[in-house]
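Here is the file upload-v4.tsv (TSV, C-alpha atoms and all ligand atoms).
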chain	number	residue	atom	x	y	z
A	1	MET	CA	82.53	129.91	73.11
A	2	ALA	CA	82.10	131.26	76.61
A	3	GLY	CA	80.56	128.02	77.80
A	4	ARG	CA	83.70	126.07	77.14
A	5	ARG	CA	85.36	127.20	80.34
A	6	MET	CA	82.42	125.84	82.29
A	7	ILE	CA	83.21	122.22	81.43
A	8	SER	CA	83.90	120.55	84.73
A	9	PRO	CA	87.13	118.60	85.14
A	10	ALA	CA	87.05	114.83	84.55
A	11	PRO	CA	85.74	113.07	87.66
A	12	GLU	CA	88.34	111.41	89.88
A	13	PRO	CA	88.73	107.74	88.86
A	14	PRO	CA	86.89	105.45	91.31
A	15	PHE	CA	90.10	103.67	92.31
A	16	LEU	CA	91.81	106.91	93.38
A	17	ALA	CA	88.64	108.18	95.07
A	18	ALA	CA	88.39	104.96	97.10
A	19	CYS	CA	92.07	105.21	98.09
A	20	ARG	CA	91.20	108.63	99.55
A	21	ARG	CA	88.02	107.31	101.20
A	22	ARG	CA	85.73	109.41	99.03
A	23	GLN	CA	82.33	108.44	97.62
A	24	VAL	CA	82.52	106.31	94.48
A	25	PRO	CA	80.02	105.42	91.70
A	26	HIS	CA	80.90	101.74	92.23
A	27	THR	CA	83.41	99.79	94.31
A	28	PRO	CA	86.61	99.72	92.25
A	29	ILE	CA	88.28	96.37	91.57
A	30	TRP	CA	91.64	95.22	90.29
A	31	ILE	CA	93.37	91.87	90.72
A	32	MET	CA	96.74	91.28	92.33
A	33	ARG	CA	99.09	89.81	89.69
A	34	GLN	CA	96.51	90.58	87.01
A	35	ALA	CA	99.21	90.81	84.32
A	36	GLY	CA	100.47	87.29	84.08
A	37	ARG	CA	100.35	83.61	83.49
A	38	TYR	CA	96.61	82.94	83.74
A	39	LEU	CA	96.17	84.91	80.48
A	40	PRO	CA	96.80	83.08	77.18
A	41	GLU	CA	97.93	86.36	75.62
A	42	TYR	CA	100.60	86.70	78.32
A	43	ARG	CA	101.78	83.14	77.70
A	44	GLN	CA	101.94	83.99	74.01
A	45	VAL	CA	104.27	86.96	74.64
A	46	ARG	CA	106.19	84.91	77.19
A	47	SER	CA	106.78	82.11	74.67
A	48	GLN	CA	108.82	84.59	72.63
A	49	ALA	CA	110.92	86.02	75.47
A	50	GLU	CA	112.28	85.17	78.91
A	51	PHE	CA	110.61	86.86	81.87
A	52	ALA	CA	113.84	88.78	82.57
A	53	THR	CA	113.76	90.08	78.99
A	54	LEU	CA	110.13	91.22	79.25
A	55	LEU	CA	111.02	93.29	82.30
A	56	ARG	CA	113.73	95.17	80.42
A	57	ARG	CA	111.79	95.84	77.22
A	58	PRO	CA	109.38	98.73	77.85
A	59	GLU	CA	107.21	98.04	74.80
A	60	LEU	CA	106.72	94.42	75.93
A	61	ALA	CA	106.24	95.32	79.60
A	62	ALA	CA	103.67	97.94	78.57
A	63	GLU	CA	101.87	95.46	76.32
A	64	VAL	CA	101.63	92.90	79.14
A	65	THR	CA	100.46	95.59	81.59
A	66	LEU	CA	97.64	96.54	79.23
A	67	GLN	CA	96.52	92.99	78.35
A	68	PRO	CA	94.16	92.46	81.32
A	69	LEU	CA	92.64	95.93	80.75
A	70	ARG	CA	91.62	94.95	77.22
A	71	ARG	CA	89.76	91.92	78.54
A	72	PHE	CA	88.16	93.25	81.72
A	73	PRO	CA	86.81	96.67	82.79
A	74	LEU	CA	89.27	96.80	85.70
A	75	ASP	CA	89.55	100.04	87.70
A	76	ALA	CA	93.36	100.12	87.82
A	77	ALA	CA	96.41	98.82	85.99
A	78	ILE	CA	99.55	97.59	87.73
A	79	LEU	CA	102.90	97.91	86.08
A	80	PHE	CA	104.36	94.68	84.76
A	81	SER	CA	107.68	94.36	86.57
A	82	ASP	CA	108.97	92.47	89.62
A	83	ILE	CA	109.82	93.37	93.19
A	84	MET	CA	113.39	92.15	92.55
A	85	THR	CA	114.06	94.44	89.55
A	86	PRO	CA	115.46	97.39	91.53
A	87	LEU	CA	117.80	95.02	93.40
A	88	GLN	CA	119.35	94.07	90.07
A	89	GLY	CA	119.87	97.82	89.64
A	90	MET	CA	121.77	97.77	92.97
A	91	GLY	CA	124.18	95.18	91.62
A	92	VAL	CA	122.51	91.99	92.88
A	93	ASP	CA	123.07	89.07	90.49
A	94	LEU	CA	119.79	87.16	90.26
A	95	SER	CA	117.75	84.96	87.97
A	96	PHE	CA	114.08	83.90	87.85
A	97	GLU	CA	113.60	80.11	88.07
A	98	PRO	CA	110.66	81.08	88.03
A	99	GLY	CA	110.94	82.54	91.56
A	100	PRO	CA	113.89	84.87	92.22
A	101	VAL	CA	117.25	83.19	92.95
A	102	VAL	CA	120.09	85.38	94.25
A	103	LYS	CA	123.52	84.11	93.19
A	104	GLU	CA	125.35	85.34	96.29
A	105	PRO	CA	122.95	85.75	99.22
A	106	ILE	CA	123.67	88.75	101.46
A	107	ARG	CA	124.63	87.72	104.98
A	108	THR	CA	127.58	89.88	106.06
A	109	ASP	CA	128.16	93.57	106.72
A	110	ALA	CA	130.64	93.60	103.85
A	111	ALA	CA	127.97	92.31	101.47
A	112	ILE	CA	125.43	94.83	102.83
A	113	ASP	CA	127.86	97.71	102.35
A	114	GLY	CA	128.70	96.39	98.89
A	115	LEU	CA	125.14	97.05	97.66
A	116	ALA	CA	125.17	99.99	95.28
A	117	GLN	CA	122.96	102.98	95.94
A	118	LEU	CA	119.97	102.91	93.59
A	119	VAL	CA	119.66	105.81	91.18
A	120	PRO	CA	116.49	104.79	89.32
A	121	GLU	CA	116.96	106.97	86.23
A	122	ARG	CA	120.44	105.50	85.77
A	123	ASP	CA	120.01	101.93	87.01
A	124	VAL	CA	116.46	100.95	85.94
A	125	PRO	CA	115.52	103.46	83.20
A	126	PHE	CA	113.49	100.76	81.42
A	127	VAL	CA	111.02	100.64	84.34
A	128	LEU	CA	110.40	104.37	84.11
A	129	GLU	CA	110.06	104.14	80.34
A	130	SER	CA	107.49	101.35	80.82
A	131	VAL	CA	105.51	103.64	83.15
A	132	ARG	CA	105.47	106.38	80.51
A	133	LEU	CA	104.42	103.99	77.75
A	134	VAL	CA	101.61	102.48	79.84
A	135	ARG	CA	100.26	105.91	80.78
A	136	ALA	CA	100.14	106.85	77.12
A	137	GLY	CA	98.08	103.72	76.37
A	138	LEU	CA	95.64	103.81	79.29
A	139	PRO	CA	92.20	105.46	79.29
A	140	SER	CA	92.10	108.42	81.69
A	141	GLY	CA	89.70	106.71	84.12
A	142	VAL	CA	92.11	103.84	84.74
A	143	PRO	CA	95.04	104.84	86.95
A	144	LEU	CA	98.41	103.08	86.89
A	145	ILE	CA	99.78	101.60	90.11
A	146	GLY	CA	103.56	101.57	90.51
A	147	PHE	CA	105.07	99.26	93.11
A	148	ALA	CA	108.02	98.02	95.08
A	149	GLY	CA	108.69	95.14	97.44
A	150	GLY	CA	108.39	95.86	101.13
A	151	PRO	CA	111.88	96.12	102.64
A	152	PHE	CA	111.43	93.01	104.78
A	153	THR	CA	110.16	90.93	101.84
A	154	LEU	CA	113.21	91.94	99.78
A	155	PHE	CA	115.39	91.15	102.81
A	156	CYS	CA	113.90	87.64	102.86
A	157	TYR	CA	114.95	86.94	99.26
A	158	LEU	CA	118.37	88.60	99.63
A	159	VAL	CA	119.31	86.72	102.81
A	160	CYS	CA	117.81	83.33	101.91
A	161	GLY	CA	118.74	83.56	98.25
A	162	ARG	CA	115.58	81.84	96.97
A	163	PRO	CA	111.88	81.40	97.68
A	164	SER	CA	111.16	79.51	100.89
A	165	LYS	CA	108.14	78.58	102.99
A	166	GLU	CA	109.48	79.88	106.30
A	167	PHE	CA	112.42	82.08	105.22
A	168	GLY	CA	114.24	80.63	108.23
A	169	THR	CA	117.68	81.99	107.33
A	170	ALA	CA	116.27	85.50	107.04
A	171	ARG	CA	114.28	85.29	110.25
A	172	SER	CA	117.15	83.82	112.28
A	173	PHE	CA	119.39	86.61	110.92
A	174	LEU	CA	117.10	89.11	112.67
A	175	TYR	CA	117.80	87.45	116.02
A	176	ALA	CA	121.48	86.58	115.43
A	177	SER	CA	122.59	89.94	113.99
A	178	PRO	CA	119.87	92.51	114.65
A	179	GLU	CA	122.06	95.55	113.94
A	180	SER	CA	123.20	94.15	110.61
A	181	ALA	CA	119.61	93.29	109.76
A	182	GLU	CA	118.53	96.85	110.51
A	183	ARG	CA	121.37	98.15	108.39
A	184	LEU	CA	120.31	96.08	105.38
A	185	LEU	CA	116.65	96.99	105.91
A	186	ALA	CA	117.50	100.69	106.06
A	187	ARG	CA	119.42	100.41	102.78
A	188	LEU	CA	116.44	98.71	101.17
A	189	ALA	CA	113.97	101.20	102.66
A	190	ASP	CA	115.88	104.15	101.22
A	191	ALA	CA	116.33	102.50	97.83
A	192	MET	CA	112.60	101.69	97.58
A	193	ALA	CA	111.69	105.28	98.47
A	194	ALA	CA	113.87	106.53	95.62
A	195	TYR	CA	112.45	103.86	93.30
A	196	LEU	CA	108.82	104.67	94.10
A	197	ARG	CA	109.43	108.41	93.84
A	198	ALA	CA	110.90	107.91	90.36
A	199	GLN	CA	107.87	105.84	89.29
A	200	ALA	CA	105.52	108.59	90.46
A	201	ALA	CA	107.60	111.20	88.62
A	202	ALA	CA	107.31	109.05	85.46
A	203	GLY	CA	103.51	108.92	85.81
A	204	ALA	CA	102.46	106.24	88.33
A	205	GLN	CA	99.25	107.47	90.01
A	206	ALA	CA	99.36	105.29	93.13
A	207	LEU	CA	102.21	103.38	94.77
A	208	MET	CA	102.01	99.99	96.43
A	209	LEU	CA	104.45	98.20	98.72
A	210	PHE	CA	104.16	94.39	98.61
A	211	GLU	CA	105.05	92.97	102.01
A	212	SER	CA	104.43	89.36	101.14
A	213	TRP	CA	106.38	87.73	103.98
A	214	ALA	CA	106.19	90.05	107.00
A	215	GLY	CA	103.29	87.94	108.28
A	216	LEU	CA	105.89	85.31	109.23
A	217	LEU	CA	107.16	87.54	112.03
A	218	ALA	CA	106.22	87.72	115.69
A	219	PRO	CA	104.55	91.07	116.51
A	220	ARG	CA	107.61	92.62	118.20
A	221	GLU	CA	109.93	91.66	115.33
A	222	PHE	CA	107.33	92.84	112.83
A	223	GLU	CA	107.24	96.19	114.61
A	224	ARG	CA	111.00	96.60	114.94
A	225	PHE	CA	112.20	95.28	111.59
A	226	ALA	CA	109.43	95.19	108.99
A	227	LEU	CA	107.42	98.20	110.14
A	228	GLY	CA	110.55	100.12	111.17
A	229	ALA	CA	111.88	99.85	107.64
A	230	VAL	CA	108.62	100.56	105.84
A	231	ARG	CA	108.07	103.63	108.06
A	232	ARG	CA	111.37	104.90	106.77
A	233	THR	CA	110.24	104.42	103.16
A	234	VAL	CA	106.87	106.05	103.81
A	235	ALA	CA	108.44	109.00	105.65
A	236	ALA	CA	110.66	109.66	102.63
A	237	LEU	CA	107.54	109.73	100.41
A	238	GLN	CA	105.44	112.19	102.42
A	239	GLY	CA	103.94	114.91	100.26
A	240	ILE	CA	104.36	112.90	97.06
A	241	GLY	CA	100.70	113.51	96.15
A	242	VAL	CA	99.71	109.97	95.11
A	243	PRO	CA	98.02	107.41	97.39
A	244	LEU	CA	100.24	104.86	99.11
A	245	ILE	CA	99.11	101.25	99.62
A	246	TYR	CA	100.77	98.86	102.05
A	247	TYR	CA	99.89	95.22	101.40
A	248	VAL	CA	100.74	92.84	104.21
A	249	ASN	CA	100.15	89.17	103.60
A	250	GLN	CA	99.10	87.11	106.64
A	251	GLY	CA	98.94	90.34	108.59
A	252	SER	CA	95.56	90.11	110.31
A	253	ALA	CA	97.23	89.78	113.73
A	254	LEU	CA	99.33	92.87	112.98
A	255	MET	CA	96.58	95.37	112.08
A	256	GLU	CA	96.90	97.43	115.26
A	257	CYS	CA	100.64	97.94	114.50
A	258	VAL	CA	99.89	98.78	110.87
A	259	ALA	CA	97.11	101.26	111.70
A	260	GLY	CA	99.69	103.89	112.68
A	261	LEU	CA	101.56	103.72	109.37
A	262	ASP	CA	101.17	106.89	107.33
A	263	VAL	CA	99.67	105.33	104.20
A	264	ASP	CA	96.22	105.68	102.63
A	265	VAL	CA	95.33	102.04	102.04
A	266	ILE	CA	96.08	98.73	103.75
A	267	GLY	CA	95.93	95.63	101.56
A	268	VAL	CA	94.97	92.44	103.37
A	269	ASP	CA	94.78	88.71	102.76
A	270	TRP	CA	91.61	86.64	103.19
A	271	ARG	CA	92.33	85.05	106.56
A	272	ALA	CA	90.16	87.48	108.53
A	273	PRO	CA	86.89	89.20	107.56
A	274	LEU	CA	87.26	92.78	106.30
A	275	GLY	CA	84.81	94.08	108.92
A	276	VAL	CA	87.06	92.90	111.74
A	277	LEU	CA	90.16	94.29	110.02
A	278	ARG	CA	88.51	97.67	109.35
A	279	ARG	CA	87.54	97.99	113.00
A	280	LYS	CA	91.15	97.35	114.02
A	281	LEU	CA	92.50	99.78	111.44
A	282	GLY	CA	90.08	102.55	112.35
A	283	PRO	CA	88.36	105.10	110.09
A	284	GLY	CA	91.60	106.66	108.82
A	285	LYS	CA	92.49	103.86	106.42
A	286	ALA	CA	90.99	102.51	103.21
A	287	VAL	CA	91.23	98.74	102.76
A	288	GLN	CA	92.02	96.62	99.72
A	289	GLY	CA	91.02	92.98	99.47
A	290	ASN	CA	90.27	90.30	100.30
A	291	LEU	CA	88.75	87.42	98.34
A	292	ASP	CA	90.64	84.12	98.58
A	293	PRO	CA	92.22	83.52	95.11
A	294	ALA	CA	90.87	79.96	95.39
A	295	ALA	CA	87.31	81.34	95.28
A	296	LEU	CA	87.73	81.95	91.54
A	297	PHE	CA	87.35	78.17	91.17
A	298	ALA	CA	83.79	78.23	92.57
A	299	SER	CA	80.74	77.91	90.32
A	300	PRO	CA	79.57	81.27	88.91
A	301	GLN	CA	76.72	81.34	91.39
A	302	ASP	CA	78.95	80.54	94.37
A	303	LEU	CA	81.58	83.04	93.23
A	304	ARG	CA	78.95	85.79	93.45
A	305	ARG	CA	78.08	84.65	96.94
A	306	HIS	CA	81.72	84.68	98.08
A	307	ALA	CA	82.37	88.07	96.49
A	308	GLY	CA	79.11	89.37	97.99
A	309	ARG	CA	80.28	88.36	101.43
A	310	VAL	CA	83.49	90.38	100.97
A	311	LEU	CA	81.39	93.39	99.96
A	312	ASP	CA	79.10	92.93	102.97
A	313	GLU	CA	82.08	92.68	105.30
A	314	ALA	CA	83.62	95.82	103.79
A	315	GLY	CA	80.47	97.70	104.85
A	316	SER	CA	79.13	100.99	103.58
A	317	ALA	CA	81.85	103.36	104.82
A	318	PRO	CA	83.84	104.74	101.86
A	319	GLY	CA	87.33	103.35	101.26
A	320	HIS	CA	87.06	99.80	99.95
A	321	ILE	CA	88.96	98.57	96.90
A	322	PHE	CA	87.94	95.07	95.92
A	323	ASN	CA	90.83	92.70	95.24
A	324	LEU	CA	92.01	89.18	95.93
A	325	GLY	CA	93.83	88.57	99.20
A	326	HIS	CA	96.97	87.52	97.29
A	327	GLY	CA	98.00	86.99	93.68
A	328	ILE	CA	95.74	85.26	91.17
A	329	TRP	CA	96.78	81.66	90.45
A	330	PRO	CA	98.11	80.73	87.01
A	331	GLU	CA	95.44	77.97	86.66
A	332	THR	CA	92.54	80.45	86.98
A	333	ASP	CA	89.98	80.65	84.16
A	334	PRO	CA	90.00	84.24	82.81
A	335	ASP	CA	86.20	84.01	82.43
A	336	ALA	CA	85.92	83.75	86.21
A	337	VAL	CA	87.78	87.07	86.48
A	338	ALA	CA	85.37	88.60	83.96
A	339	ARG	CA	82.40	87.44	86.04
A	340	LEU	CA	83.94	88.73	89.26
A	341	VAL	CA	84.65	92.19	87.86
A	342	ASP	CA	81.13	92.50	86.43
A	343	TYR	CA	79.55	91.29	89.62
A	344	VAL	CA	81.43	93.77	91.84
A	345	HIS	CA	80.49	96.64	89.53
A	346	GLU	CA	76.83	95.64	89.29
A	347	ALA	CA	76.37	94.85	92.97
A	348	THR	CA	77.84	98.18	94.10
A	349	ALA	CA	76.53	100.58	91.42
A	350	ARG	CA	75.24	103.70	93.20
B	401	LIG	O1	100.82	92.13	89.47
B	401	LIG	C1	101.17	92.08	88.28
B	401	LIG	O2	100.54	91.48	87.42
B	401	LIG	C2	102.40	92.87	87.88
B	401	LIG	C3	103.63	92.18	87.90
B	401	LIG	C4	104.22	91.52	89.15
B	401	LIG	C5	105.06	90.37	89.05
B	401	LIG	N1	105.57	90.12	90.28
B	401	LIG	C6	105.35	89.65	87.80
B	401	LIG	C7	105.90	88.28	87.85
B	401	LIG	C8	104.18	91.89	90.50
B	401	LIG	C9	103.39	93.01	91.19
B	401	LIG	C10	105.04	91.00	91.20
B	401	LIG	C11	105.29	91.11	92.64
B	401	LIG	C12	106.05	90.03	93.30
B	401	LIG	N2	107.11	89.30	92.81
B	401	LIG	C13	105.85	89.68	94.66
B	401	LIG	C14	104.84	90.31	95.59
B	401	LIG	C15	103.45	89.82	95.41
B	401	LIG	C16	103.22	88.39	95.83
B	401	LIG	O3	102.76	87.62	94.95
B	401	LIG	O4	103.44	88.06	97.00
B	401	LIG	C17	106.77	88.66	94.95
B	401	LIG	C18	106.92	87.95	96.29
B	401	LIG	C19	107.58	88.44	93.78
B	401	LIG	C20	108.72	87.50	93.61
B	401	LIG	C21	108.49	86.55	92.51
B	401	LIG	N3	108.65	86.85	91.17
B	401	LIG	C22	108.08	85.19	92.59
B	401	LIG	C23	107.83	84.46	93.88
B	401	LIG	C24	107.98	84.69	91.27
B	401	LIG	C25	107.67	83.28	90.79
B	401	LIG	C26	106.34	82.78	90.86
B	401	LIG	C27	105.18	83.74	90.68
B	401	LIG	O5	104.68	84.21	91.70
B	401	LIG	O6	104.77	84.04	89.54
B	401	LIG	C28	108.30	85.75	90.41
B	401	LIG	C29	108.29	85.72	88.94
B	401	LIG	C30	107.20	86.53	88.32
B	401	LIG	N4	106.91	87.82	88.65
B	401	LIG	C31	106.35	86.13	87.26
B	401	LIG	C32	105.54	87.22	86.95
B	401	LIG	C33	104.51	87.33	85.86
B	401	LIG	C34	106.37	84.78	86.56
B	401	LIG	C35	107.45	84.78	85.54
B	401	LIG	C36	107.16	83.89	84.37
B	401	LIG	O7	106.36	84.28	83.49
B	401	LIG	O8	107.77	82.84	84.33
Step by step, read the file and then write its structure as structure tokens.
Ligand code: CP3
Amino acid sequence: MAGRRMISPAPEPPFLAACRRRQVPHTPIWIMRQAGRYLPEYRQVRSQAEFATLLRRPELAAEVTLQPLRRFPLDAAILFSDIMTPLQGMGVDLSFEPGPVVKEPIRTDAAIDGLAQLVPERDVPFVLESVRLVRAGLPSGVPLIGFAGGPFTLFCYLVCGRPSKEFGTARSFLYASPESAERLLARLADAMAAYLRAQAAAGAQALMLFESWAGLLAPREFERFALGAVRRTVAALQGIGVPLIYYVNQGSALMECVAGLDVDVIGVDWRAPLGVLRRKLGPGKAVQGNLDPAALFASPQDLRRHAGRVLDEAGSAPGHIFNLGHGIWPETDPDAVARLVDYVHEATAR
């Protein structure tokens, strides 16, 4: 039939349109750490296998990635994996207890130079296989986000060796041995570029860098070390054709520095209102955030009010992706997530 050729292509999914600051039928929403311990069905899978095993078994990783999408009409999926996974591919011996613990923390030039170069297809093929499996199981309107740790956040775990409140050993390393620090950060930046590129080639439709700990830095050190390294990653990804998201936790004082980074979206925590952050970032960036994860413990009525305030602060300019300001807490009631997703969709339907 002649008419068949006239069928217009499927509309761009709202999440991808918002990343590119285009008009959307509703504000898209997904939840940081949406695949995880607040879901009984995740705990069920997890009771059969260690976390480290889940990461390496594509059919299990894909199942866990898809679990939140079966419950909630979320606008994006995020791959079930961990920011530390590619480091294991570079020869780092680590375990999850439940946070990452590095057996031999990296603090010397010899240890830095001993890190293997990451060849994703060879070293972490199971991640790429998970991406392919998830894509095959996702509806076309729900894009898959691939991710990596920000170079400085990975540096924090590698140098300190375990989770920490202040990451003092990592931060003092920047001042004591700045050239060595830059060397390690450059290695990580290059490895994450290769890792993200491989995820996109396998089917990831957006790429996110989680810079969970760069907010601990003073502005000049943030600029030199954290931003210097992430610029290197981003430069290596130019022309990749999928939106890039840079999430910086506790970064509200760093927005002017971040505004110049060549990414599409800046993810932010809840410590400053989105309106203020958007003004600092300027019109060239979309924003993702920024409800306090604690707000999911409010009464249904209050939760709507808190979420409504985030929407008001985001304003009417295109380019807002609703999210929490950091990962969802394991104690959260999944029904609160359901209410939040429905509310954001209803309140913003255009
Ligand atoms: O977002 C998702 O649902 C996808 C999967 C994902 C995990 N970790 C699974 C995970 C993602 C995107 C991450 C990112 C991650 N991992 C970050 C950046 C985001 C942030 O929260 O700041 C960081 C800093 C890590 C390091 C890490 N891995 C920590 C600190 C922990 C322990 C405690 C915790 O936060 O859950 C992990 C383990 C981990 N990563 C778990 C999960 C589901 C828990 C493992 C278990 O089931 O025991």
Would you list the residues near (108.0, 96.3, 94.2), meaning any protein, DNA or RNA residue with an atom at most 12 Å from that point in file coordinates, counting all atoms listed in the file, as a PyMOL selection string?
chain A and resi 33+78-87+127+145-154+188-189+191-196+199+207-212+245-247
Those same residues, written as a PDB file, in the coordinates of the input with C-alpha atoms?
ATOM      1  CA  ARG A  33      99.090  89.810  89.690  1.00  0.00           C
ATOM      2  CA  ILE A  78      99.550  97.590  87.730  1.00  0.00           C
ATOM      3  CA  LEU A  79     102.900  97.910  86.080  1.00  0.00           C
ATOM      4  CA  PHE A  80     104.360  94.680  84.760  1.00  0.00           C
ATOM      5  CA  SER A  81     107.680  94.360  86.570  1.00  0.00           C
ATOM      6  CA  ASP A  82     108.970  92.470  89.620  1.00  0.00           C
ATOM      7  CA  ILE A  83     109.820  93.370  93.190  1.00  0.00           C
ATOM      8  CA  MET A  84     113.390  92.150  92.550  1.00  0.00           C
ATOM      9  CA  THR A  85     114.060  94.440  89.550  1.00  0.00           C
ATOM     10  CA  PRO A  86     115.460  97.390  91.530  1.00  0.00           C
ATOM     11  CA  LEU A  87     117.800  95.020  93.400  1.00  0.00           C
ATOM     12  CA  VAL A 127     111.020 100.640  84.340  1.00  0.00           C
ATOM     13  CA  ILE A 145      99.780 101.600  90.110  1.00  0.00           C
ATOM     14  CA  GLY A 146     103.560 101.570  90.510  1.00  0.00           C
ATOM     15  CA  PHE A 147     105.070  99.260  93.110  1.00  0.00           C
ATOM     16  CA  ALA A 148     108.020  98.020  95.080  1.00  0.00           C
ATOM     17  CA  GLY A 149     108.690  95.140  97.440  1.00  0.00           C
ATOM     18  CA  GLY A 150     108.390  95.860 101.130  1.00  0.00           C
ATOM     19  CA  PRO A 151     111.880  96.120 102.640  1.00  0.00           C
ATOM     20  CA  PHE A 152     111.430  93.010 104.780  1.00  0.00           C
ATOM     21  CA  THR A 153     110.160  90.930 101.840  1.00  0.00           C
ATOM     22  CA  LEU A 154     113.210  91.940  99.780  1.00  0.00           C
ATOM     23  CA  LEU A 188     116.440  98.710 101.170  1.00  0.00           C
ATOM     24  CA  ALA A 189     113.970 101.200 102.660  1.00  0.00           C
ATOM     25  CA  ALA A 191     116.330 102.500  97.830  1.00  0.00           C
ATOM     26  CA  MET A 192     112.600 101.690  97.580  1.00  0.00           C
ATOM     27  CA  ALA A 193     111.690 105.280  98.470  1.00  0.00           C
ATOM     28  CA  ALA A 194     113.870 106.530  95.620  1.00  0.00           C
ATOM     29  CA  TYR A 195     112.450 103.860  93.300  1.00  0.00           C
ATOM     30  CA  LEU A 196     108.820 104.670  94.100  1.00  0.00           C
ATOM     31  CA  GLN A 199     107.870 105.840  89.290  1.00  0.00           C
ATOM     32  CA  LEU A 207     102.210 103.380  94.770  1.00  0.00           C
ATOM     33  CA  MET A 208     102.010  99.990  96.430  1.00  0.00           C
ATOM     34  CA  LEU A 209     104.450  98.200  98.720  1.00  0.00           C
ATOM     35  CA  PHE A 210     104.160  94.390  98.610  1.00  0.00           C
ATOM     36  CA  GLU A 211     105.050  92.970 102.010  1.00  0.00           C
ATOM     37  CA  SER A 212     104.430  89.360 101.140  1.00  0.00           C
ATOM     38  CA  ILE A 245      99.110 101.250  99.620  1.00  0.00           C
ATOM     39  CA  TYR A 246     100.770  98.860 102.050  1.00  0.00           C
ATOM     40  CA  TYR A 247      99.890  95.220 101.400  1.00  0.00           C
TER      41      TYR A 247
END
Between atom CA of Gly327 of chain A and atom C15 of ligand LIG 401 (chain B) lies a distance of 6.4 Å
Using all atoms listed in the file, the best pick from A:Arg278, A:Arg46, A:Lys103, A:Arg20 as closest to ligand LIG 401 (chain B) would be A:Arg46
Do you have the atom CA of Arg339 of chain A-atom CA of Asn290 of chain A distance handy?
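Between atom CA of Arg339 of chain A and atom CA of Asn290 of chain A the gap is 16.5 Å.
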Around all the atoms of ligand LIG 401 (chain B) listed in the file, with 4 Å of room on each side, what axis-aligned box do you get, giving centre and edge lengths in Å to one decimal, as lines of an AutoDock Vina configuration file?
center_x = 104.6
center_y = 87.9
center_z = 90.2
size_x = 16.2
size_y = 18.2
size_z = 21.5
Restricting to all atoms listed in the file, whichever of A:Tyr175, A:Tyr157, A:Trp329, A:Phe51 is closest to Arg220 of chain A is A:Tyr175
What would the list of residues within 8 Å of (126.8, 93.8, 92.3) (file frame) look like as JSON, numbers by chain, if only C-alpha atoms are what count?
{"A": [88, 90, 91, 92, 93, 114, 115, 116]}
